[in-house]
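**Student:** Input file: model07.csv. Contents: CSV, C-alpha atoms and all ligand atoms.
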chain,number,residue,atom,x,y,z
A,1,MET,CA,-38.2,289.3,152.2
A,2,SER,CA,-36.8,291.6,154.8
A,3,SER,CA,-33.8,293.7,155.4
A,4,ILE,CA,-31.5,293.5,158.4
A,5,HIS,CA,-29.6,296.5,159.6
A,6,LEU,CA,-26.9,296.2,162.3
A,7,ARG,CA,-26.0,299.6,163.8
A,8,GLY,CA,-23.0,299.9,165.9
A,9,LEU,CA,-23.6,296.5,167.4
A,10,THR,CA,-21.5,296.0,170.5
A,11,ARG,CA,-21.3,293.1,173.0
A,12,THR,CA,-18.8,292.7,175.8
A,13,PHE,CA,-19.2,289.5,177.8
A,14,PRO,CA,-18.8,289.8,181.6
A,15,GLY,CA,-15.2,289.5,182.6
A,16,ALA,CA,-13.9,289.7,179.0
A,17,SER,CA,-10.9,292.1,178.4
A,18,ARG,CA,-12.2,293.1,175.0
A,19,ALA,CA,-15.5,293.4,173.2
A,20,ALA,CA,-16.6,290.2,171.3
A,21,LEU,CA,-18.4,292.6,168.9
A,22,ASP,CA,-17.2,296.2,168.6
A,23,GLY,CA,-19.5,298.6,166.8
A,24,LEU,CA,-20.5,296.4,163.9
A,25,GLU,CA,-22.2,298.2,161.0
A,26,LEU,CA,-23.8,296.0,158.4
A,27,GLU,CA,-26.8,296.3,156.1
A,28,VAL,CA,-28.3,293.2,154.5
A,29,THR,CA,-30.9,294.2,151.9
A,30,ALA,CA,-34.1,292.3,151.2
A,31,GLY,CA,-33.3,289.0,149.4
A,32,GLU,CA,-29.6,289.3,150.0
A,33,ILE,CA,-27.3,286.6,151.3
A,34,VAL,CA,-24.4,287.9,153.3
A,35,SER,CA,-21.7,285.6,154.6
A,36,LEU,CA,-20.0,286.4,157.9
A,37,VAL,CA,-16.4,285.1,157.6
A,38,GLY,CA,-13.5,285.2,159.9
A,39,PRO,CA,-11.3,283.1,162.3
A,40,SER,CA,-12.7,281.4,165.3
A,41,GLY,CA,-13.7,283.8,168.1
A,42,CYS,CA,-14.1,286.9,165.8
A,43,GLY,CA,-17.7,287.4,166.8
A,44,LYS,CA,-19.7,285.5,164.1
A,45,SER,CA,-22.0,283.5,166.4
A,46,THR,CA,-22.4,286.5,168.7
A,47,THR,CA,-23.7,288.5,165.8
A,48,LEU,CA,-26.3,285.8,164.9
A,49,ARG,CA,-27.4,285.4,168.5
A,50,LEU,CA,-28.0,289.1,168.7
A,51,VAL,CA,-30.1,289.1,165.5
A,52,ALA,CA,-32.0,286.0,166.7
A,53,GLY,CA,-32.7,287.6,170.1
A,54,LEU,CA,-30.8,284.9,172.1
A,55,ASP,CA,-28.6,287.6,173.5
A,56,ARG,CA,-28.8,291.4,174.0
A,57,PRO,CA,-26.3,294.0,172.8
A,58,ASP,CA,-24.6,296.3,175.2
A,59,ALA,CA,-24.8,299.1,172.6
A,60,GLY,CA,-26.1,299.5,169.1
A,61,ASP,CA,-29.2,298.3,167.5
A,62,VAL,CA,-30.6,295.4,165.3
A,63,LEU,CA,-33.3,296.5,162.9
A,64,ILE,CA,-35.4,294.1,160.8
A,65,ASP,CA,-37.4,295.9,158.1
A,66,GLY,CA,-36.3,299.2,159.6
A,67,ARG,CA,-37.7,298.5,163.1
A,68,SER,CA,-35.6,297.8,166.1
A,69,VAL,CA,-36.1,294.3,167.5
A,70,VAL,CA,-33.9,294.7,170.6
A,71,GLY,CA,-36.1,293.6,173.4
A,72,VAL,CA,-38.4,291.6,171.1
A,73,PRO,CA,-38.4,288.0,172.2
A,74,PRO,CA,-36.9,285.5,169.7
A,75,GLN,CA,-40.2,283.8,168.8
A,76,GLU,CA,-41.7,287.1,167.8
A,77,ARG,CA,-38.9,288.2,165.5
A,78,ASP,CA,-39.9,285.8,162.7
A,79,VAL,CA,-36.3,284.6,162.3
A,80,ALA,CA,-35.1,281.0,161.7
A,81,MET,CA,-31.7,279.8,162.8
A,82,VAL,CA,-29.9,276.7,161.6
A,83,PHE,CA,-26.9,275.6,163.6
A,84,GLN,CA,-24.3,273.0,162.9
A,85,GLY,CA,-25.2,269.6,164.4
A,86,PHE,CA,-28.7,270.7,165.0
A,87,ALA,CA,-30.4,268.2,167.3
A,88,LEU,CA,-33.6,266.6,165.9
A,89,TYR,CA,-36.2,265.1,168.1
A,90,PRO,CA,-35.3,261.4,168.0
A,91,HIS,CA,-38.9,260.1,168.6
A,92,MET,CA,-40.5,262.2,165.9
A,93,ARG,CA,-41.0,261.4,162.2
A,94,VAL,CA,-39.6,263.8,159.7
A,95,ARG,CA,-43.1,264.8,158.8
A,96,ASP,CA,-43.8,265.9,162.4
A,97,ILE,CA,-40.4,267.6,162.8
A,98,LEU,CA,-41.0,269.7,159.7
A,99,GLY,CA,-44.5,270.5,160.8
A,100,PHE,CA,-43.6,271.3,164.4
A,101,PRO,CA,-42.8,275.1,164.0
A,102,LEU,CA,-46.2,275.4,162.3
A,103,ARG,CA,-48.1,273.5,165.0
A,104,MET,CA,-46.5,275.9,167.6
A,105,ARG,CA,-48.1,278.7,165.6
A,106,ARG,CA,-51.4,276.9,165.5
A,107,VAL,CA,-51.5,276.6,161.7
A,108,PRO,CA,-54.4,274.3,160.7
A,109,ALA,CA,-53.5,270.8,159.7
A,110,PRO,CA,-54.3,270.9,156.0
A,111,GLU,CA,-52.2,274.0,155.5
A,112,ARG,CA,-49.5,272.5,157.6
A,113,GLU,CA,-49.4,269.4,155.5
A,114,ARG,CA,-49.1,271.5,152.3
A,115,ALA,CA,-46.2,273.5,153.7
A,116,VAL,CA,-44.4,270.3,154.9
A,117,GLU,CA,-44.8,268.7,151.4
A,118,ARG,CA,-43.5,271.8,149.8
A,119,ALA,CA,-40.5,272.1,152.0
A,120,ALA,CA,-39.8,268.3,151.6
A,121,LYS,CA,-39.9,268.6,147.9
A,122,LEU,CA,-37.5,271.6,147.8
A,123,LEU,CA,-35.1,269.6,149.9
A,124,GLY,CA,-35.5,266.1,148.3
A,125,LEU,CA,-37.0,264.7,151.5
A,126,THR,CA,-40.4,263.6,150.1
A,127,GLY,CA,-39.6,259.9,150.3
A,128,LEU,CA,-38.3,260.2,153.9
A,129,LEU,CA,-41.2,261.9,155.6
A,130,ASP,CA,-42.2,258.8,157.6
A,131,ARG,CA,-38.7,258.0,158.9
A,132,ARG,CA,-37.2,259.0,162.3
A,133,PRO,CA,-33.8,260.8,162.6
A,134,ALA,CA,-32.0,257.6,163.5
A,135,GLN,CA,-33.0,256.2,160.1
A,136,LEU,CA,-31.4,259.1,158.2
A,137,SER,CA,-27.8,259.8,157.0
A,138,GLY,CA,-25.9,262.8,158.3
A,139,GLY,CA,-26.7,264.8,155.2
A,140,GLU,CA,-30.4,263.9,155.3
A,141,GLN,CA,-30.5,265.0,159.0
A,142,GLN,CA,-29.0,268.3,158.1
A,143,ARG,CA,-31.5,268.7,155.3
A,144,VAL,CA,-34.3,268.1,157.8
A,145,ALA,CA,-32.8,270.7,160.1
A,146,MET,CA,-32.9,273.2,157.1
A,147,GLY,CA,-36.5,272.1,156.2
A,148,ARG,CA,-37.6,272.9,159.8
A,149,ALA,CA,-36.2,276.4,159.3
A,150,ILE,CA,-37.7,277.0,155.8
A,151,VAL,CA,-41.1,275.5,156.4
A,152,ARG,CA,-42.7,278.5,157.9
A,153,ARG,CA,-41.1,281.0,155.6
A,154,PRO,CA,-39.5,283.3,158.1
A,155,ARG,CA,-38.5,286.9,157.3
A,156,VAL,CA,-34.9,286.2,157.9
A,157,PHE,CA,-32.6,283.1,157.9
A,158,LEU,CA,-29.6,282.8,160.1
A,159,PHE,CA,-27.1,280.0,159.5
A,160,ASP,CA,-24.3,279.2,161.8
A,161,GLU,CA,-21.8,276.9,160.1
A,162,PRO,CA,-24.6,274.5,159.1
A,163,LEU,CA,-22.4,272.3,157.0
A,164,SER,CA,-19.3,272.1,159.1
A,165,ASN,CA,-20.1,268.7,160.7
A,166,LEU,CA,-20.4,266.9,157.4
A,167,ASP,CA,-17.7,265.1,155.5
A,168,ALA,CA,-16.1,266.9,152.5
A,169,ALA,CA,-18.2,265.2,149.7
A,170,LEU,CA,-21.5,265.8,151.5
A,171,ARG,CA,-20.5,269.3,152.3
A,172,ALA,CA,-19.9,270.1,148.7
A,173,GLU,CA,-23.2,268.5,147.6
A,174,LEU,CA,-25.2,270.3,150.2
A,175,ARG,CA,-23.5,273.6,149.4
A,176,VAL,CA,-24.8,273.5,145.9
A,177,GLU,CA,-28.3,272.5,147.1
A,178,LEU,CA,-28.3,275.3,149.7
A,179,ALA,CA,-27.3,277.9,147.1
A,180,ARG,CA,-30.2,276.8,144.9
A,181,LEU,CA,-32.6,276.7,147.8
A,182,LEU,CA,-31.7,280.1,149.1
A,183,ARG,CA,-32.2,281.6,145.7
A,184,GLU,CA,-35.5,279.8,145.2
A,185,LEU,CA,-36.8,281.1,148.5
A,186,ASP,CA,-35.6,284.7,147.7
A,187,ALA,CA,-34.3,284.5,151.3
A,188,THR,CA,-32.6,287.3,153.3
A,189,ALA,CA,-29.9,285.4,155.1
A,190,LEU,CA,-26.8,285.9,157.3
A,191,TYR,CA,-24.6,282.9,156.7
A,192,VAL,CA,-21.8,282.2,159.1
A,193,THR,CA,-18.9,280.1,157.9
A,194,HIS,CA,-15.2,279.8,158.3
A,195,ASP,CA,-15.1,278.0,154.9
A,196,GLN,CA,-14.0,280.5,152.2
A,197,VAL,CA,-15.5,278.3,149.5
A,198,GLU,CA,-19.0,278.4,151.0
A,199,ALA,CA,-18.6,282.2,151.4
A,200,MET,CA,-17.5,282.7,147.8
A,201,THR,CA,-20.2,280.4,146.3
A,202,LEU,CA,-23.2,281.1,148.5
A,203,SER,CA,-23.3,284.8,149.1
A,204,HIS,CA,-24.0,288.0,147.3
A,205,ARG,CA,-21.6,289.8,149.6
A,206,ILE,CA,-19.1,288.7,152.2
A,207,ALA,CA,-18.4,290.5,155.5
A,208,VAL,CA,-15.0,289.7,156.9
A,209,LEU,CA,-14.8,290.0,160.6
A,210,ARG,CA,-11.6,290.4,162.7
A,211,ALA,CA,-11.7,290.5,166.5
A,212,GLY,CA,-15.3,291.8,166.6
A,213,ARG,CA,-14.8,294.5,163.9
A,214,LEU,CA,-15.7,294.6,160.2
A,215,GLU,CA,-12.5,294.3,158.2
A,216,GLN,CA,-14.1,294.4,154.7
A,217,LEU,CA,-17.5,294.1,153.1
A,218,GLY,CA,-17.8,293.4,149.4
A,219,SER,CA,-18.8,291.0,146.7
A,220,PRO,CA,-16.9,287.7,146.5
A,221,ARG,CA,-15.0,289.1,143.6
A,222,GLU,CA,-14.0,292.3,145.3
A,223,ILE,CA,-12.9,290.4,148.4
A,224,TYR,CA,-10.8,288.1,146.3
A,225,GLU,CA,-9.4,290.6,143.8
A,226,ARG,CA,-9.1,293.7,145.9
A,227,PRO,CA,-8.6,292.6,149.5
A,228,ALA,CA,-8.6,295.6,151.9
A,229,SER,CA,-5.8,294.2,154.0
A,230,THR,CA,-3.3,291.5,154.3
A,231,PHE,CA,-5.7,289.8,156.8
A,232,VAL,CA,-8.3,289.4,154.1
A,233,ALA,CA,-5.8,288.6,151.4
A,234,SER,CA,-4.5,285.7,153.4
A,235,PHE,CA,-7.9,284.4,154.4
A,236,PHE,CA,-9.2,283.8,150.9
A,237,GLY,CA,-7.5,281.6,148.3
A,238,ALA,CA,-6.0,278.1,148.5
A,239,PRO,CA,-3.1,278.5,148.7
A,240,PRO,CA,-3.6,282.0,149.9
A,241,MET,CA,-2.0,285.2,148.4
A,242,ASN,CA,1.8,285.4,148.5
A,243,LEU,CA,2.7,288.2,150.8
A,244,LEU,CA,6.4,289.3,150.7
A,245,SER,CA,8.0,292.2,152.5
A,246,GLY,CA,9.2,294.6,149.8
A,247,ARG,CA,11.2,297.8,149.4
A,248,TRP,CA,10.6,300.7,147.1
A,249,ASP,CA,13.6,302.8,146.3
A,250,GLY,CA,11.9,305.4,144.2
A,251,GLU,CA,12.6,303.5,141.0
A,252,ARG,CA,12.2,299.8,141.6
A,253,LEU,CA,10.2,297.6,143.9
A,254,ARG,CA,12.0,294.6,145.3
A,255,ALA,CA,10.8,291.6,147.2
A,256,GLY,CA,13.0,288.6,147.8
A,257,THR,CA,14.8,288.1,144.6
A,258,LEU,CA,12.1,289.6,142.5
A,259,GLN,CA,12.1,293.1,141.3
A,260,TRP,CA,9.7,295.3,139.2
A,261,THR,CA,10.0,298.7,137.5
A,262,PRO,CA,6.5,300.2,137.3
A,263,PRO,CA,5.4,300.6,133.7
A,264,SER,CA,5.7,304.1,132.4
A,265,ASP,CA,2.0,304.7,132.8
A,266,GLY,CA,2.0,302.9,136.2
A,267,ARG,CA,2.1,304.8,139.4
A,268,PHE,CA,3.6,303.7,142.6
A,269,PRO,CA,0.9,304.3,145.2
A,270,ALA,CA,3.0,304.9,148.3
A,271,ALA,CA,5.6,307.3,149.5
A,272,GLU,CA,6.5,304.6,152.1
A,273,ALA,CA,9.6,302.6,151.4
A,274,ALA,CA,8.4,299.5,153.2
A,275,VAL,CA,5.5,297.7,151.7
A,276,THR,CA,4.0,294.2,151.6
A,277,VAL,CA,3.8,292.9,148.1
A,278,GLY,CA,1.0,290.5,147.4
A,279,PHE,CA,0.2,288.3,144.4
A,280,ARG,CA,-1.9,285.3,143.9
A,281,PRO,CA,-0.4,281.9,143.2
A,282,GLU,CA,-2.3,281.6,140.0
A,283,HIS,CA,-0.6,284.8,138.7
A,284,VAL,CA,2.9,283.3,139.1
A,285,ARG,CA,3.9,282.1,135.7
A,286,LEU,CA,6.2,279.1,135.5
A,287,VAL,CA,8.3,279.5,132.3
A,288,SER,CA,10.0,276.5,130.8
A,289,GLY,CA,12.2,276.0,127.8
A,290,ALA,CA,13.7,278.9,126.0
A,291,VAL,CA,13.2,282.0,128.1
A,292,PRO,CA,11.9,285.0,126.2
A,293,ALA,CA,13.4,288.3,126.9
A,294,PRO,CA,11.3,290.3,129.4
A,295,PRO,CA,9.3,293.1,127.8
A,296,PRO,CA,10.9,296.5,127.8
A,297,GLY,CA,10.1,298.6,130.9
A,298,GLY,CA,10.8,295.8,133.2
A,299,SER,CA,7.2,295.7,134.6
A,300,LEU,CA,7.4,292.0,134.7
A,301,ALA,CA,9.6,290.4,137.5
A,302,SER,CA,11.4,287.3,136.5
A,303,ALA,CA,13.8,285.2,138.5
A,304,ASP,CA,15.1,281.7,138.7
A,305,LEU,CA,13.8,280.2,141.9
A,306,PRO,CA,14.6,276.8,143.4
A,307,VAL,CA,11.6,274.5,144.1
A,308,THR,CA,11.4,273.6,147.8
A,309,SER,CA,8.3,271.4,147.7
A,310,LEU,CA,5.4,270.3,145.5
A,311,GLU,CA,1.8,269.3,146.1
A,312,THR,CA,0.3,267.3,143.3
A,313,LEU,CA,-3.5,267.4,143.4
A,314,GLY,CA,-4.3,266.0,139.9
A,315,ALA,CA,-6.1,268.9,138.3
A,316,GLU,CA,-3.4,271.2,139.6
A,317,THR,CA,-0.1,271.4,141.2
A,318,HIS,CA,1.0,273.8,144.0
A,319,VAL,CA,4.7,274.6,143.9
A,320,SER,CA,6.7,276.3,146.7
A,321,LEU,CA,9.8,278.2,145.6
A,322,ALA,CA,12.5,279.9,147.6
A,323,CYS,CA,12.7,283.6,146.9
A,324,GLY,CA,15.3,285.1,149.1
A,325,ASP,CA,14.0,284.8,152.6
A,326,HIS,CA,10.5,284.2,151.4
A,327,VAL,CA,8.6,281.3,150.0
A,328,VAL,CA,6.5,282.0,146.9
A,329,ARG,CA,3.7,279.7,146.0
A,330,ALA,CA,2.6,279.1,142.4
A,331,ARG,CA,-0.3,277.2,141.1
A,332,ALA,CA,-0.1,275.4,137.8
A,333,GLY,CA,-2.6,273.2,135.9
A,334,GLY,CA,-2.2,269.4,135.8
A,335,PHE,CA,1.0,267.6,136.6
A,336,LEU,CA,4.5,269.2,136.5
A,337,ASN,CA,7.7,267.4,135.6
A,338,VAL,CA,9.8,269.0,138.3
A,339,ALA,CA,11.2,267.9,141.7
A,340,PRO,CA,12.4,269.7,144.8
A,341,GLY,CA,15.8,271.2,144.1
A,342,ASP,CA,15.0,272.0,140.4
A,343,VAL,CA,15.2,275.6,139.5
A,344,LEU,CA,12.3,277.2,137.7
A,345,ARG,CA,12.1,280.5,135.8
A,346,VAL,CA,9.2,282.4,137.4
A,347,GLU,CA,7.4,285.5,136.1
A,348,VAL,CA,5.2,287.8,138.1
A,349,PRO,CA,3.5,290.7,136.1
A,350,TRP,CA,3.3,294.1,137.7
A,351,ASP,CA,-0.5,294.1,137.1
A,352,ALA,CA,-0.9,291.1,139.4
A,353,LEU,CA,0.5,293.0,142.4
A,354,ARG,CA,-1.5,294.2,145.4
A,355,LEU,CA,0.4,296.4,147.7
A,356,PHE,CA,-0.2,296.9,151.4
A,357,ALA,CA,1.3,299.2,154.0
A,358,GLU,CA,3.8,297.1,155.9
A,359,ASP,CA,2.9,298.5,159.3
A,360,SER,CA,-0.9,298.6,159.2
A,361,GLY,CA,-1.5,295.8,156.6
A,362,HIS,CA,-4.0,298.1,154.8
A,363,ALA,CA,-4.2,298.1,151.0
A,364,LEU,CA,-2.5,301.0,149.4
B,1,LIG,N1,-21.6,283.4,176.4
B,1,LIG,C1,-20.3,283.8,176.4
B,1,LIG,N2,-19.7,284.2,177.5
B,1,LIG,C2,-18.4,284.7,177.4
B,1,LIG,N3,-17.7,284.8,176.3
B,1,LIG,C3,-18.3,284.5,175.2
B,1,LIG,C4,-19.6,284.0,175.1
B,1,LIG,N4,-19.9,283.7,173.8
B,1,LIG,C5,-18.8,284.0,173.1
B,1,LIG,N5,-17.8,284.5,173.9
B,1,LIG,C6,-16.5,285.0,173.4
B,1,LIG,O1,-16.7,286.0,172.5
B,1,LIG,C7,-15.8,285.9,171.4
B,1,LIG,C8,-16.6,285.7,170.1
B,1,LIG,O2,-17.2,284.5,170.1
B,1,LIG,P1,-18.1,283.9,168.9
B,1,LIG,O3,-19.0,285.0,168.5
B,1,LIG,O4,-18.7,282.6,169.4
B,1,LIG,O5,-17.0,283.6,167.8
B,1,LIG,P2,-17.1,282.8,166.4
B,1,LIG,O6,-18.5,282.4,166.2
B,1,LIG,O7,-16.7,283.9,165.4
B,1,LIG,O8,-16.1,281.7,166.5
B,1,LIG,C9,-14.9,284.8,171.7
B,1,LIG,O9,-13.8,285.4,172.3
B,1,LIG,C10,-15.7,284.0,172.7
B,1,LIG,O10,-14.8,283.3,173.6
B,2,MG,MG,-19.2,280.4,166.1
Could you express the structure from this file as structure tokens?
**Tutor:**
Amino acid sequence: MSSIHLRGLTRTFPGASRAALDGLELEVTAGEIVSLVGPSGCGKSTTLRLVAGLDRPDAGDVLIDGRSVVGVPPQERDVAMVFQGFALYPHMRVRDILGFPLRMRRVPAPERERAVERAAKLLGLTGLLDRRPAQLSGGEQQRVAMGRAIVRRPRVFLFDEPLSNLDAALRAELRVELARLLRELDATALYVTHDQVEAMTLSHRIAVLRAGRLEQLGSPREIYERPASTFVASFFGAPPMNLLSGRWDGERLRAGTLQWTPPSDGRFPAAEAAVTVGFRPEHVRLVSGAVPAPPPGGSLASADLPVTSLETLGAETHVSLACGDHVVRARAGGFLNVAPGDVLRVEVPWDALRLFAEDSGHAL
């Protein structure tokens, strides 16, 4: 188990107008799994390549166990990297593919065999050791690629979207296996993904990158419940957080046709009049039948909103509703007996709100 420390890591590619990575600060403690998440082009792979030693930073430092590795060749860093669509040697048997990194290090055959058997067992590949890649399914091939990384017990694992080439069912299955594997190995890992579900389920902490900078670092729960910006808020959650432009008049907060009066003990965090009001679809209550009177104080917004569309997924239904110039999305369990054009009574409690500065997008 080792720690990784990125200090002001900066990389500008020749001819680029802006830095691909701009002063990234990140500390991964020993045994920790940190996901790097963000849209395509935000610098995730660049970060991994700098840690692996496949590229050099223009400024800043990469430390493994407290020692700078900038200038240390990749094979001496004791780092294993797993890519998406990792190419396996077609003429080799699984046994030899798994043992290859150990052969390169001149590990004696009996010890090598034991390490291969152990890795194969962890990954459910024991019965496949004598097959060649062409005789394996996509999921099995990806497991072999992972086995090749874990067999020599490196100090640090780097994963670059290792599951993104697989179909949805297989991805879900391998996600669970990978979570178990990483915990069993007590691995220190940087895990790059653009899949929020992988980030939420696999990692201890999530680093959200935006245009080469760290936007937020926190536990999956912190990232989900207390997003630092509208960027993070809209990246996590399916459907993502509702973000409505709102106005505070000193007494009431209005957004679309919803309005709230802060509870007497509640405080309005901003002097600004223009705020972005955020709330998650699962916090929108759809009220049917006799509508109870809203509680005194008015800290619950309620309004009758027309349904614009529905997505029926079986276990849950996503409802889009018109709210002034905005669309509000709600998430309800099971099936709903409603159709586009129906009007639903909607309630959004004050406590569910996250407020952001309208200009910067930063949480208030
Ligand atoms: N070898 C390279 N040469 C020039 N530009 C590159 C190179 N690698 C990456 N980039 C650019 O750097 C930015 C970050 O890329 P990357 O780290 O691969 O993003 P991500 O993995 O988050 O999708 C992108 O704008 C990309 O086009
Ligand atoms: Mg990438």
**Student:** Per residue of range 153-176 of chain A within 12 Å of range 110-130 of chain A, note the shortest atom pair and the distance in Å to one decimal, counting all atoms listed in the file, and order the rows by chain and increasing residue number, as a Markdown table.
**Tutor:**
| residue | atom | partner | partner_atom | distance |
| --- | --- | --- | --- | --- |
| A:Arg153 | CA | A:Ala115 | CA | 9.3 |
| A:Leu174 | CA | A:Leu123 | CA | 9.9 |
| A:Val176 | CA | A:Leu123 | CA | 11.7 |
**Student:** Dump the neighbourhood of ligand LIG 1 (chain B) as a compact mmCIF listing (two decimals) with C-alpha atoms, keeping the file's coordinate frame: all residues within 9 Å, distances computed on only C-alpha atoms and all ligand atoms.
**Tutor:**
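What ended up in part20.txt:
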# COMPACT_ATOMS: atom_id res chain seq x y z
CA ARG A 11 -21.30 293.10 173.00
CA THR A 12 -18.80 292.70 175.80
CA PHE A 13 -19.20 289.50 177.80
CA PRO A 14 -18.80 289.80 181.60
CA GLY A 15 -15.20 289.50 182.60
CA ALA A 16 -13.90 289.70 179.00
CA ARG A 18 -12.20 293.10 175.00
CA ALA A 19 -15.50 293.40 173.20
CA ALA A 20 -16.60 290.20 171.30
CA LEU A 21 -18.40 292.60 168.90
CA LEU A 36 -20.00 286.40 157.90
CA VAL A 37 -16.40 285.10 157.60
CA GLY A 38 -13.50 285.20 159.90
CA PRO A 39 -11.30 283.10 162.30
CA SER A 40 -12.70 281.40 165.30
CA GLY A 41 -13.70 283.80 168.10
CA CYS A 42 -14.10 286.90 165.80
CA GLY A 43 -17.70 287.40 166.80
CA LYS A 44 -19.70 285.50 164.10
CA SER A 45 -22.00 283.50 166.40
CA THR A 46 -22.40 286.50 168.70
CA THR A 47 -23.70 288.50 165.80
CA LEU A 48 -26.30 285.80 164.90
CA ARG A 49 -27.40 285.40 168.50
CA ASP A 55 -28.60 287.60 173.50
CA ASP A 160 -24.30 279.20 161.80
CA GLU A 161 -21.80 276.90 160.10
CA VAL A 192 -21.80 282.20 159.10
CA THR A 193 -18.90 280.10 157.90
CA HIS A 194 -15.20 279.80 158.30
CA LEU A 209 -14.80 290.00 160.60
CA ARG A 210 -11.60 290.40 162.70
CA ALA A 211 -11.70 290.50 166.50
CA GLY A 212 -15.30 291.80 166.60
**Student:** Return as AutoDock Vina command-line options the centre and edge lengths, in Å with one decimal, of the box along x, y and z that encloses every atom of range 339-345 of chain A in the file, padded by 5 Å per side.
**Tutor:**
--center_x 13.5 --center_y 274.2 --center_z 140.3 --size_x 14.6 --size_y 22.6 --size_z 19.0
**Student:** Got a sec: who's within 8 Å of range 86-95 of chain A, counting all atoms listed in the file, leaving out chain neighbours fewer than 3 positions off, as a count of residues only?
**Tutor:** 16
**Student:** Excluding same-chain residues fewer than 6 positions from Thr276 in chain A, what lies within 12 Å of it counting only C-alpha atoms, as an MDAnalysis selection string?
**Tutor:** chainID A and resid 229:231 233 241:248 253:256 270 326 353:364
**Student:** Can you work out which one of A:Leu202, A:Leu50, A:Leu63, A:Ala330 has the shortest atom-to-atom distance to Ser35 in chain A, counting only C-alpha atoms?
**Tutor:**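 Under the stated criterion, the closest residue is A:Leu202.
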**Student:** Can you tell me, as a list in words, what residues are no more than 8 Å from Leu310 in chain A when counting all atoms listed in the file, ignoring any on the same chain fewer than 3 positions away?
**Tutor:** Val307, Thr317, His318, Val319, Ser320, Ala339 and Pro340 of chain A
**Student:** What's the separation between CA of Ala30 in chain A and CA of Pro57 in chain A, in Å to one decimal place?
**Tutor:**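 A separation of 23.0 Å between them.
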**Student:** Complete range 40-52 of chain A with N, CA and C atoms (output as an mmCIF file, in the frame of the given file).
**Tutor:**
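Written file, selection.cif:
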data_model
loop_
_atom_site.group_PDB
_atom_site.id
_atom_site.type_symbol
_atom_site.label_atom_id
_atom_site.label_comp_id
_atom_site.auth_asym_id
_atom_site.auth_seq_id
_atom_site.Cartn_x
_atom_site.Cartn_y
_atom_site.Cartn_z
ATOM 1 N N SER A 40 -11.980 281.724 164.112
ATOM 2 C CA SER A 40 -12.700 281.400 165.300
ATOM 3 C C SER A 40 -12.574 282.454 166.369
ATOM 4 N N GLY A 41 -13.688 282.825 166.988
ATOM 5 C CA GLY A 41 -13.700 283.800 168.100
ATOM 6 C C GLY A 41 -13.790 285.253 167.592
ATOM 7 N N CYS A 42 -14.023 285.477 166.277
ATOM 8 C CA CYS A 42 -14.100 286.900 165.800
ATOM 9 C C CYS A 42 -15.443 287.505 165.968
ATOM 10 N N GLY A 43 -16.433 286.749 166.453
ATOM 11 C CA GLY A 43 -17.700 287.400 166.800
ATOM 12 C C GLY A 43 -18.869 286.972 165.852
ATOM 13 N N LYS A 44 -18.684 285.937 165.045
ATOM 14 C CA LYS A 44 -19.700 285.500 164.100
ATOM 15 C C LYS A 44 -20.976 285.042 164.781
ATOM 16 N N SER A 45 -20.815 284.070 165.675
ATOM 17 C CA SER A 45 -22.000 283.500 166.400
ATOM 18 C C SER A 45 -22.630 284.553 167.260
ATOM 19 N N THR A 46 -21.814 285.391 167.883
ATOM 20 C CA THR A 46 -22.400 286.500 168.700
ATOM 21 C C THR A 46 -23.291 287.344 167.907
ATOM 22 N N THR A 47 -22.890 287.675 166.694
ATOM 23 C CA THR A 47 -23.700 288.500 165.800
ATOM 24 C C THR A 47 -25.073 287.819 165.549
ATOM 25 N N LEU A 48 -25.018 286.548 165.186
ATOM 26 C CA LEU A 48 -26.300 285.800 164.900
ATOM 27 C C LEU A 48 -27.181 285.763 166.090
ATOM 28 N N ARG A 49 -26.585 285.505 167.257
ATOM 29 C CA ARG A 49 -27.400 285.400 168.500
ATOM 30 C C ARG A 49 -28.091 286.718 168.798
ATOM 31 N N LEU A 50 -27.428 287.813 168.486
ATOM 32 C CA LEU A 50 -28.000 289.100 168.700
ATOM 33 C C LEU A 50 -29.182 289.388 167.748
ATOM 34 N N VAL A 51 -29.021 288.917 166.510
ATOM 35 C CA VAL A 51 -30.100 289.100 165.500
ATOM 36 C C VAL A 51 -31.277 288.184 165.878
ATOM 37 N N ALA A 52 -30.953 286.971 166.343
ATOM 38 C CA ALA A 52 -32.000 286.000 166.700
ATOM 39 C C ALA A 52 -32.737 286.387 167.970
#
